[in-house]
Amino acid sequence: MGSGGWSRRRFVGALAGGAAAAALPACDDAPEPAATPAPEPETGTSASREARRPSGPRPLYLGTYTSAEGGGKGIGLATYDAATGRITGSGTVTGVGDPSYLALHPDRRTLYAVDERDDGAVTAVRLADRKVLGSRGTGGAAPCHLSVHPGGRWLLSANYGSGSVAVHPIDASGTLGERTDLVRHTTPPPGPGQEGPHAHQFVTSPDGGHVLAVDLGTDTVYTYRLDDKAGTLSEAGQAQTRPGAGPRHLTFHPGGRYAYLANEVDNTVAVCSYDPASGRVEVGEAQSTGTGSGTSYPAQILVTADGRYAYLANRGHNSLTRYAVEADGARLRLLGTVPVGGDFPRQIAFSPEGTLLFAANQKSSTVTVFHVDGANGGLRRAGEAFPSPVAVCALPL
């Protein structure tokens with residue numbers, strides 16, 4: 001498949017001018033990354049969250065498109081203040097092409113990035129000295145998402161352009177080995193308006209028993225079993241959305257029995273049930289994003305660690321939708337929308353303590369930050385937007 005099948009994903013709407021993009025200093029000028037303790041369990045009270053909030057600068061890694069006009073030079077390096085949310089740029093890891101999505105190894109020593117190009121690859125970066133440890137081909141076009149299996153031995157990636165998912169081994173140093181499996185989504189046939197499969201996400205279920213792939217092109221969530229010794233996949237089930245929904249991103253409730261699916265094409269979300277024993281997923285009824293009529297290109301959905309609130313990034317509406325999570329995860333109640341303060345929020349992420357929410361705004365080349373109220377789920381802007389070239393991913397540690 002040529003690049004035409006995935007150009008819509010990268011460039012929905014025209015990119016804003018690159019004038020807003022700030023050049024970051026070279027990697028050699030950046031300070032060593034600060035040590036990041038693992039977060040304590042969430043208690044659900046804002047007071048306890050404030051007590052656990054760390055002091056001093058925290059690492060922030062930024063994904064971009066290096067081949068886009070006004071894009072970055074690699075993986076952006078920055079720090080943020082966990083109390084104020086203020087971001088300060090500190091450098092760039094060069095030598096990684098189109099690192100549009102980032103993920104951290106469970107031991108927090110290695111960062112992984114997709115190389116979202118026709119000849120797709122995944123790259124490992126050692127965080128101690130920011131050395132690029134090498135890249136491995138994903139066997140497909142335009143990988144747009146990756147995650148590390150909880151055991152830390154396997155890297156999972158999704159090839160949007162070719163509609164396939166890949167598995168790579170991770171050795172003790174964090175370096176990637178040659179691909180151990182590649183599965184293309186051949187059934188069901190593409191949904192309305194789609195010319196083929198478009199794998200958009202590949203993640204592990206909370207119980208660790210299954211890995212799930214969300215495919216926008218086939219309107220399907222695929223469940224696989226991962227052989228933890230061989231790194232191979234066996235399909236365990238398929239769950240179809242309504243035709244033309246265009247599912248993009250799925251996030252589990254911390255209880256592990258429900259998940260929330262953002263549908264890019266028909267501007268909806270859906271509550272899904274999940275059976276840990278079988279891996280079976282059932283997609284519920286489509287629900288409103290609160291953004292009105294038309295397509296707002298919902299992107300990513302997050303759930304707070306206490307399972308009480310969910311947030312959805314709406315790229316066309318330039319907003320964040322807030323939901324109250326009810327019935328132990330089985331229901332979403334729309335609370336309203338909040339302006340994101342940027343253009344085209346492609347990805348959102350919580351700080352480890354859940355007290356801050358970061359939004360990477362692709363067209364405005366900015367990252368905006370919000371304080372998260374643990375008591376009522378409210379969002380409050382944390383100062384001015386941080387300029388970052390074609391910001392498509394923010395990973396705060």
# chains A, B, ... in the order shown; residues from 1 in each chain; ligands from 1
>>> select_by_dssp(residues="region 39-234 of chain A", states="strand (DSSP E or B)", output="PyMOL selection string")
chain A and resi 57-63+74-81+87-94+102-104+110-115+121-126+131-137+143-148+154-159+164-170+176+181-184+199-204+211-215+220-226+233-234
>>> residues_around(residues="Thr223 (chain A)", least_positions_apart="3", cutoff="12 Å", atoms="only C-alpha atoms", output="VMD selection string")
chain A and resid 165 183 185 201 to 205 209 to 215 220 226 233 to 240 274 to 282
>>> write_last_selection(atoms="C-alpha atoms", output="mmCIF file, in the first residue's frame")
data_model
loop_
_atom_site.group_PDB
_atom_site.id
_atom_site.type_symbol
_atom_site.label_atom_id
_atom_site.label_comp_id
_atom_site.auth_asym_id
_atom_site.auth_seq_id
_atom_site.Cartn_x
_atom_site.Cartn_y
_atom_site.Cartn_z
ATOM 1 C CA VAL A 165 0.358 -5.319 14.138
ATOM 2 C CA VAL A 183 -0.388 -10.030 11.590
ATOM 3 C CA HIS A 185 -6.081 -7.516 9.478
ATOM 4 C CA GLN A 201 -3.487 1.076 18.521
ATOM 5 C CA PHE A 202 -2.010 -2.073 20.092
ATOM 6 C CA VAL A 203 -2.210 -2.451 23.892
ATOM 7 C CA THR A 204 -2.287 -5.044 26.674
ATOM 8 C CA SER A 205 -5.396 -5.648 28.752
ATOM 9 C CA GLY A 209 -3.886 -12.024 29.508
ATOM 10 C CA HIS A 210 -4.579 -10.514 26.099
ATOM 11 C CA VAL A 211 -3.389 -7.814 23.711
ATOM 12 C CA LEU A 212 -5.921 -5.747 21.788
ATOM 13 C CA ALA A 213 -5.616 -3.978 18.444
ATOM 14 C CA VAL A 214 -7.978 -1.195 17.386
ATOM 15 C CA ASP A 215 -8.441 -0.944 13.602
ATOM 16 C CA THR A 220 -12.986 -3.737 14.618
ATOM 17 C CA LEU A 226 0.621 -13.294 23.061
ATOM 18 C CA LEU A 233 0.122 -13.838 18.301
ATOM 19 C CA SER A 234 -2.988 -15.990 18.055
ATOM 20 C CA GLU A 235 -6.372 -14.374 17.466
ATOM 21 C CA ALA A 236 -8.916 -14.845 20.266
ATOM 22 C CA GLY A 237 -11.792 -12.713 19.017
ATOM 23 C CA GLN A 238 -13.137 -9.756 17.088
ATOM 24 C CA ALA A 239 -15.568 -7.052 18.177
ATOM 25 C CA GLN A 240 -17.183 -4.867 15.534
ATOM 26 C CA TYR A 274 -14.270 -6.961 28.527
ATOM 27 C CA ASP A 275 -14.113 -10.565 29.738
ATOM 28 C CA PRO A 276 -10.623 -11.334 31.108
ATOM 29 C CA ALA A 277 -11.093 -15.099 30.790
ATOM 30 C CA SER A 278 -11.848 -15.156 27.076
ATOM 31 C CA GLY A 279 -10.614 -11.742 25.994
ATOM 32 C CA ARG A 280 -14.022 -11.091 24.476
ATOM 33 C CA VAL A 281 -14.946 -7.443 23.915
ATOM 34 C CA GLU A 282 -18.490 -6.176 23.367
#
>>> residues_around(residues="Pro345 (chain A)", least_positions_apart="6", cutoff="6 Å", atoms="only C-alpha atoms", output="PyMOL selection string")
chain A and resi 315+359-361
>>> residues_around(residues="Gly140 (chain A)", least_positions_apart="2", cutoff="12 Å", atoms="only C-alpha atoms", output="PyMOL selection string")
chain A and resi 1-3+6+114-122+136-138+142-144+157-167+179+181-185+197-199
>>> residues_around(residues="region 63-79 of chain A", least_positions_apart="4", cutoff="6 Å", atoms="only C-alpha atoms", output="list in words")
Gly18, Pro57, Arg58, Pro59, Ile87, Thr88, Gly89, Ser90, Gly91, Thr92, Val93, Thr94, Val96, Gly97, Asp98, Pro99, Ser100, Tyr101, Pro389, Val390, Ala391, Val392 and Cys393 of chain A
>>> write_last_selection(atoms="C-alpha atoms", output="mmCIF file, in the first residue's frame")
data_model
loop_
_atom_site.group_PDB
_atom_site.id
_atom_site.type_symbol
_atom_site.label_atom_id
_atom_site.label_comp_id
_atom_site.auth_asym_id
_atom_site.auth_seq_id
_atom_site.Cartn_x
_atom_site.Cartn_y
_atom_site.Cartn_z
ATOM 1 C CA GLY A 18 5.567 26.361 11.333
ATOM 2 C CA PRO A 57 11.648 19.390 37.363
ATOM 3 C CA ARG A 58 10.264 16.216 35.824
ATOM 4 C CA PRO A 59 11.144 14.774 32.377
ATOM 5 C CA ILE A 87 7.258 23.332 30.684
ATOM 6 C CA THR A 88 10.879 24.180 29.861
ATOM 7 C CA GLY A 89 12.594 22.914 26.711
ATOM 8 C CA SER A 90 15.955 21.202 27.203
ATOM 9 C CA GLY A 91 17.062 19.516 23.981
ATOM 10 C CA THR A 92 16.386 17.054 21.185
ATOM 11 C CA VAL A 93 17.251 13.430 20.548
ATOM 12 C CA THR A 94 18.169 13.425 16.867
ATOM 13 C CA VAL A 96 14.830 9.295 14.913
ATOM 14 C CA GLY A 97 12.569 9.918 11.909
ATOM 15 C CA ASP A 98 8.934 10.948 12.405
ATOM 16 C CA PRO A 99 8.677 9.848 16.069
ATOM 17 C CA SER A 100 4.923 10.469 16.289
ATOM 18 C CA TYR A 101 4.242 8.217 19.285
ATOM 19 C CA PRO A 389 7.256 21.745 16.559
ATOM 20 C CA VAL A 390 4.208 19.863 15.169
ATOM 21 C CA ALA A 391 3.430 18.443 18.603
ATOM 22 C CA VAL A 392 1.724 15.063 18.227
ATOM 23 C CA CYS A 393 2.721 13.270 21.446
#
>>> atom_distance(atom1="CA of Ala286 (chain A)", atom2="CA of Pro247 (chain A)")
11.1 Å
>>> closest_residue(among="A:Asp306, A:Asp81, A:Asp107, A:Glu285", to="Thr268 (chain A)", atoms="only C-alpha atoms")
A:Glu285
>>> residues_around(residues="Pro243 (chain A)", least_positions_apart="3", cutoff="10 Å", atoms="only C-alpha atoms", output="list in words")
Pro190, Gly191, Pro192, Gly193, Thr218, Asp219, Thr220, Gln240, Gly246 and Asp266 of chain A
>>> write_last_selection(atoms="N, CA and C atoms", output="short mmCIF file (atom, residue, chain, number, x, y, z; two decimals), in the first residue's frame")
data_model
loop_
_atom_site.label_atom_id
_atom_site.label_comp_id
_atom_site.auth_asym_id
_atom_site.auth_seq_id
_atom_site.Cartn_x
_atom_site.Cartn_y
_atom_site.Cartn_z
N PRO A 190 -13.04 -3.79 4.77
CA PRO A 190 -13.02 -2.39 5.20
C PRO A 190 -14.41 -1.81 5.37
N GLY A 191 -14.54 -0.88 6.31
CA GLY A 191 -15.81 -0.21 6.56
C GLY A 191 -16.09 0.84 5.51
N PRO A 192 -17.25 1.50 5.61
CA PRO A 192 -17.64 2.53 4.64
C PRO A 192 -16.59 3.64 4.52
N GLY A 193 -16.21 3.94 3.30
CA GLY A 193 -15.25 5.01 3.05
C GLY A 193 -13.80 4.63 3.26
N THR A 218 -11.28 -1.31 9.52
CA THR A 218 -12.23 -2.44 9.51
C THR A 218 -13.30 -2.30 10.59
N ASP A 219 -13.31 -1.18 11.32
CA ASP A 219 -14.30 -0.95 12.38
C ASP A 219 -14.29 -2.10 13.39
N THR A 220 -13.10 -2.53 13.80
CA THR A 220 -12.99 -3.74 14.62
C THR A 220 -11.94 -3.58 15.71
N GLN A 240 -16.91 -5.89 16.53
CA GLN A 240 -17.18 -4.87 15.53
C GLN A 240 -17.92 -3.68 16.15
N GLY A 246 -15.12 4.07 12.68
CA GLY A 246 -13.71 4.42 12.63
C GLY A 246 -13.05 4.44 13.99
N ASP A 266 -17.06 8.78 13.12
CA ASP A 266 -18.45 9.20 13.35
C ASP A 266 -18.63 10.05 14.61
#
>>> atom_distance(atom1="CA of His200 (chain A)", atom2="CA of Arg248 (chain A)")
5.7 Å
>>> closest_residue(among="A:Gly316, A:Gly56, A:Pro188, A:Pro254", to="Ser296 (chain A)", atoms="only C-alpha atoms")
A:Gly316
>>> residues_around(residues="Leu332 (chain A)", least_positions_apart="4", cutoff="9 Å", atoms="only C-alpha atoms", output="list in words")
Tyr260, Ala270, Val271, Gln287, Tyr309, Ala310, Tyr323, Ala324, Val325, Glu326 and Ala327 of chain A
>>> atom_distance(atom1="CA of Asn318 (chain A)", atom2="CA of Cys272 (chain A)")
25.3 Å
>>> closest_residue(among="A:Val265, A:Ile348, A:Leu216, A:Ala128", to="Ala313 (chain A)", atoms="only C-alpha atoms")
A:Ile348
>>> select_by_dssp(residues="region 38-139 of chain A", states="alpha helix (DSSP H)", output="list in words")
Ser46, Ala47, Ser48, Arg49, Glu50, Ala51 and Arg52 of chain A
>>> closest_residue(among="A:Tyr112, A:Tyr297, A:Tyr222, A:Tyr258", to="Pro206 (chain A)", atoms="only C-alpha atoms")
A:Tyr258
>>> closest_residue(among="A:Val132, A:Leu127, A:Val283, A:Leu102", to="His145 (chain A)", atoms="only C-alpha atoms")
A:Leu102
